[in-house]
file protein_17.txt (compact mmCIF, C-alpha atoms)
# COMPACT_ATOMS: atom_id res chain seq x y z
CA MET A 14 9.32 27.81 31.46
CA VAL A 15 10.35 30.28 34.15
CA THR A 16 11.71 29.11 37.49
CA ILE A 17 9.81 30.12 40.61
CA VAL A 18 9.66 29.22 44.27
CA LEU A 19 6.51 29.30 46.36
CA ALA A 20 7.53 30.38 49.85
CA PRO A 21 5.45 30.55 53.04
CA HIS A 22 4.48 34.06 54.09
CA GLN A 23 6.98 35.79 56.38
CA VAL A 24 7.30 39.37 57.61
CA LYS A 25 10.59 39.67 55.70
CA TYR A 26 8.52 39.79 52.47
CA ALA A 27 6.21 42.58 53.71
CA GLU A 28 8.05 45.51 52.16
CA ALA A 29 8.26 43.92 48.70
CA ILE A 30 4.63 42.76 48.80
CA SER A 31 3.56 46.25 49.92
CA THR A 32 5.48 47.91 47.10
CA LEU A 33 4.12 45.60 44.40
CA SER A 34 0.52 45.61 45.67
CA SER A 35 0.53 49.43 45.98
CA ALA A 36 0.90 49.84 42.21
CA PRO A 37 -2.43 51.02 40.74
CA GLU A 38 -2.50 48.06 38.33
CA ILE A 39 -2.63 45.66 41.29
CA ARG A 40 -4.31 47.70 44.01
CA ASP A 41 -7.22 48.72 41.77
CA ALA A 42 -7.70 45.24 40.28
CA LEU A 43 -7.82 43.71 43.76
CA GLY A 44 -9.93 46.52 45.21
CA LEU A 45 -7.41 47.25 47.97
CA SER A 46 -7.06 50.49 49.89
CA ALA A 47 -3.82 52.40 50.45
CA GLU A 48 -4.03 51.30 54.09
CA GLN A 49 -4.25 47.62 53.11
CA THR A 50 -1.24 47.88 50.81
CA SER A 51 0.86 49.87 53.31
CA ARG A 52 3.74 48.13 55.11
CA GLU A 53 1.59 47.85 58.26
CA GLY A 54 -1.41 46.60 56.29
CA THR A 55 0.75 44.03 54.55
CA GLU A 56 2.15 42.80 57.87
CA GLY A 57 -1.43 42.43 59.07
CA PHE A 58 -2.25 40.44 55.94
CA ILE A 59 0.72 38.13 56.57
CA THR A 60 -0.39 37.52 60.16
CA PHE A 61 -3.95 36.85 58.95
CA ILE A 62 -2.72 34.34 56.34
CA GLN A 63 -0.57 32.54 58.91
CA GLU A 64 -3.60 32.23 61.22
CA GLN A 65 -5.83 31.05 58.37
CA GLU A 66 -3.28 28.40 57.39
CA ASN A 67 -3.06 27.17 60.98
CA GLU A 68 -6.85 26.75 60.92
CA GLY A 69 -6.76 24.95 57.54
CA LYS A 70 -8.86 27.62 55.82
CA GLN A 71 -6.25 28.91 53.36
CA TYR A 72 -2.96 27.93 51.78
CA SER A 73 -1.08 30.96 50.49
CA ARG A 74 2.43 31.42 49.15
CA VAL A 75 4.70 34.25 48.12
CA ILE A 76 5.92 33.83 44.55
CA LEU A 77 9.69 34.31 44.22
CA ASP A 78 11.68 34.37 40.99
CA ASP A 79 14.99 32.55 40.52
CA GLN A 80 16.79 35.49 42.18
CA GLU A 81 14.47 35.26 45.22
CA ASN A 82 12.72 38.53 44.35
CA VAL A 83 9.08 38.71 45.43
CA ILE A 84 6.93 38.86 42.31
CA GLY A 85 3.44 38.13 43.65
CA VAL A 86 1.15 36.05 45.82
CA ILE A 87 -0.92 32.95 45.09
CA THR A 88 -3.59 31.65 47.43
CA LEU A 89 -5.98 28.77 47.82
CA LYS A 90 -8.83 30.01 49.97
CA GLU A 91 -12.20 28.79 51.17
CA LEU A 92 -10.71 25.32 51.53
CA ASN A 93 -13.49 22.82 52.11
CA PRO A 94 -12.16 19.38 53.08
CA VAL A 95 -15.67 17.87 53.00
CA LYS A 96 -16.51 19.03 49.46
CA LYS A 97 -12.78 18.85 48.54
CA THR A 98 -12.92 22.30 46.93
CA GLY A 99 -11.13 25.61 47.13
CA HIS A 100 -10.75 28.88 45.26
CA ILE A 101 -7.49 30.05 43.72
CA GLY A 102 -6.39 33.65 43.46
CA THR A 103 -3.16 35.07 42.11
CA TRP A 104 -1.65 38.46 41.59
CA ILE A 105 1.66 39.18 39.90
CA GLY A 106 3.47 42.49 40.35
CA TYR A 107 3.15 44.77 37.34
CA PRO A 108 6.90 44.68 36.41
CA TYR A 109 6.60 40.89 36.05
CA TRP A 110 3.51 40.71 33.83
CA GLY A 111 3.71 38.69 30.62
CA LYS A 112 6.75 36.63 31.63
CA GLY A 113 5.08 33.31 32.47
CA TYR A 114 5.11 33.65 36.25
CA ASN A 115 1.34 33.35 36.63
CA GLU A 116 1.19 30.03 34.77
CA ALA A 117 4.24 28.66 36.61
CA ALA A 118 2.81 29.59 40.00
CA LYS A 119 -0.57 28.07 39.19
CA ARG A 120 1.11 24.86 37.99
CA LYS A 121 2.95 24.47 41.31
CA LEU A 122 0.10 25.45 43.59
CA LEU A 123 -2.52 23.37 41.77
CA TYR A 124 -0.26 20.33 42.00
CA THR A 125 -0.12 20.88 45.76
CA ALA A 126 -3.89 21.42 45.88
CA PHE A 127 -4.66 18.12 44.18
CA THR A 128 -1.92 15.93 45.66
CA ASP A 129 -1.09 17.25 49.15
CA LEU A 130 -4.37 18.99 50.06
CA ASP A 131 -6.48 16.32 48.32
CA LEU A 132 -8.86 18.75 46.60
CA ASN A 133 -10.96 17.58 43.65
CA ILE A 134 -12.05 20.97 42.29
CA VAL A 135 -10.45 24.40 42.39
CA PHE A 136 -12.55 27.38 41.36
CA ALA A 137 -10.96 30.36 39.60
CA GLY A 138 -13.06 33.48 39.40
CA ALA A 139 -12.48 36.82 37.75
CA LYS A 140 -14.34 40.10 37.74
CA LYS A 141 -16.17 40.59 34.45
CA LYS A 142 -14.47 43.96 34.06
CA ASN A 143 -11.01 42.38 34.53
CA GLY A 144 -10.34 41.21 30.98
CA ARG A 145 -6.65 40.65 31.67
CA SER A 146 -7.39 38.10 34.39
CA GLN A 147 -10.00 36.38 32.24
CA ARG A 148 -7.62 36.07 29.30
CA ALA A 149 -4.85 34.69 31.54
CA GLN A 150 -7.21 32.00 32.84
CA GLU A 151 -8.56 31.16 29.37
CA LYS A 152 -5.00 30.35 28.23
CA LEU A 153 -4.69 27.54 30.77
CA PRO A 154 -5.16 24.22 28.92
CA TYR A 155 -6.65 22.44 31.94
CA ILE A 156 -9.38 24.95 32.85
CA LYS A 157 -13.11 24.81 32.12
CA CYS A 158 -14.39 28.32 31.49
CA HIS A 159 -17.74 29.93 32.26
CA MET A 160 -19.07 27.28 34.65
CA GLU A 161 -21.48 29.65 36.40
CA LYS A 162 -24.55 27.55 35.55
CA GLU A 163 -22.93 24.31 36.69
CA TYR A 164 -21.94 25.81 40.06
CA PRO A 165 -24.55 28.50 40.78
CA GLU A 166 -23.95 28.57 44.54
CA GLU A 167 -20.20 29.06 44.15
CA HIS A 168 -20.83 31.75 41.53
CA MET A 169 -23.33 33.57 43.74
CA ASN A 170 -20.96 33.43 46.73
CA LEU A 171 -18.07 34.76 44.61
CA GLU A 172 -20.09 37.71 43.34
CA ALA A 173 -21.34 38.48 46.86
CA GLN A 174 -17.78 38.38 48.19
CA VAL A 175 -16.36 40.57 45.42
CA GLY A 176 -19.39 42.85 45.20
CA GLU A 177 -19.64 42.81 41.43
CA ALA A 178 -20.30 40.60 38.41
CA CYS A 179 -17.82 37.74 37.95
CA ILE A 180 -17.14 34.74 35.78
CA LEU A 181 -16.44 31.33 37.33
CA ASN A 182 -13.95 28.85 35.91
CA VAL A 183 -13.17 25.37 37.20
CA ILE A 184 -10.04 23.25 37.41
CA GLU A 185 -10.70 19.56 38.02
CA LYS A 186 -8.15 17.25 39.62
CA GLU A 187 -8.19 14.53 36.95
CA THR A 188 -7.90 16.97 34.04
CA PHE A 189 -5.10 18.96 35.69
CA LEU A 190 -3.04 15.92 36.76
CA LYS A 191 -3.34 14.36 33.30
CA TRP A 192 -2.08 17.60 31.76
CA TYR A 193 0.64 17.94 34.44
CA HIS A 194 2.02 14.43 33.93
CA ASN A 195 1.97 14.80 30.13
CA LYS A 196 4.15 17.93 30.52
CA GLU A 197 6.79 16.09 32.59
call {"tool": "encode", "arguments": {"input": "protein_17.txt", "output": "structure tokens"}}
result
Amino acid sequence: MVTIVLAPHQVKYAEAISTLSSAPEIRDALGLSAEQTSREGTEGFITFIQEQENEGKQYSRVILDDQENVIGVITLKELNPVKKTGHIGTWIGYPYWGKGYNEAAKRKLLYTAFTDLDLNIVFAGAKKKNGRSQRAQEKLPYIKCHMEKEYPEEHMNLEAQVGEACILNVIEKETFLKWYHNKE
């Protein structure tokens, strides 16, 4: 398994995040504009994330490899302490695809979600046209796929937010922690 660090967002990561998110493979998949992926746009994103974390609405981290290179971002958003739910989103820079960073980042962040943030369910959505994201999620041994009918409100909200057809997958605390502890 690859070694990664999940670091809090800081302006010092803005240039690397901007460069990686500006690549068409990332920018287009995330539906971002050139302005959003610019250095200034990225700094604005970092400020927004810091504010959201202070308000308890999101928990987002920069993914660093073992050389401390920025390779992506992973976020828990729409945190709901009453329902004990959240939504996970990840993007990995194109040069780092297929190297196990996505799975390693999810492993670390989901552990935090279920132990430190006390969530019971984490939703993982993907655009129907984004086959790469769907396949990456389907590989995760602790995920329940295509749960749209079981969570229609979450599914409807996701599609409204994204503005297009999506699938909805679910990661449950008990299933994930059982898998996590069996891997130790």
call {"tool": "residues_around", "arguments": {"input": "protein_17.txt", "residues": "segment 65-74 of chain A", "least_positions_apart": "6", "cutoff": "12 Å", "atoms": "all atoms listed in the file", "output": "number ranges by chain"}}
result
A: 17-23, 26, 30, 58-59, 83-94, 98-104, 118-119, 121-123, 125-126, 129-130
call {"tool": "atom_distance", "arguments": {"input": "protein_17.txt", "atom1": "atom CA of Ile62 of chain A", "atom2": "atom CA of Ala27 of chain A"}}
result
12.4 Å
call {"tool": "atom_distance", "arguments": {"input": "protein_17.txt", "atom1": "atom CA of Asp79 of chain A", "atom2": "atom CA of Tyr114 of chain A"}}
result
10.8 Å
call {"tool": "atom_distance", "arguments": {"input": "protein_17.txt", "atom1": "atom CA of Thr188 of chain A", "atom2": "atom CA of Lys96 of chain A"}}
result
17.8 Å
call {"tool": "closest_residue", "arguments": {"input": "protein_17.txt", "among": "A:Cys158, A:Ala139, A:Val183, A:Val24", "to": "Leu43 of chain A", "atoms": "all atoms listed in the file"}}
result
A:Ala139
call {"tool": "closest_residue", "arguments": {"input": "protein_17.txt", "among": "A:Val95, A:Glu81, A:Phe136, A:Gly106", "to": "Leu33 of chain A", "atoms": "only C-alpha atoms"}}
result
A:Gly106
call {"tool": "residues_near_point", "arguments": {"input": "protein_17.txt", "point": "(-0.8, 22.5, 29.3)", "cutoff": "7 Å", "atoms": "all atoms listed in the file", "output": "PDB file with C-alpha atoms, in the frame of the given file"}}
result
ATOM      1  CA  LEU A 153      -4.690  27.540  30.770  1.00  0.00           C
ATOM      2  CA  PRO A 154      -5.160  24.220  28.920  1.00  0.00           C
ATOM      3  CA  TYR A 155      -6.650  22.440  31.940  1.00  0.00           C
ATOM      4  CA  TRP A 192      -2.080  17.600  31.760  1.00  0.00           C
ATOM      5  CA  LYS A 196       4.150  17.930  30.520  1.00  0.00           C
TER       6      LYS A 196
END
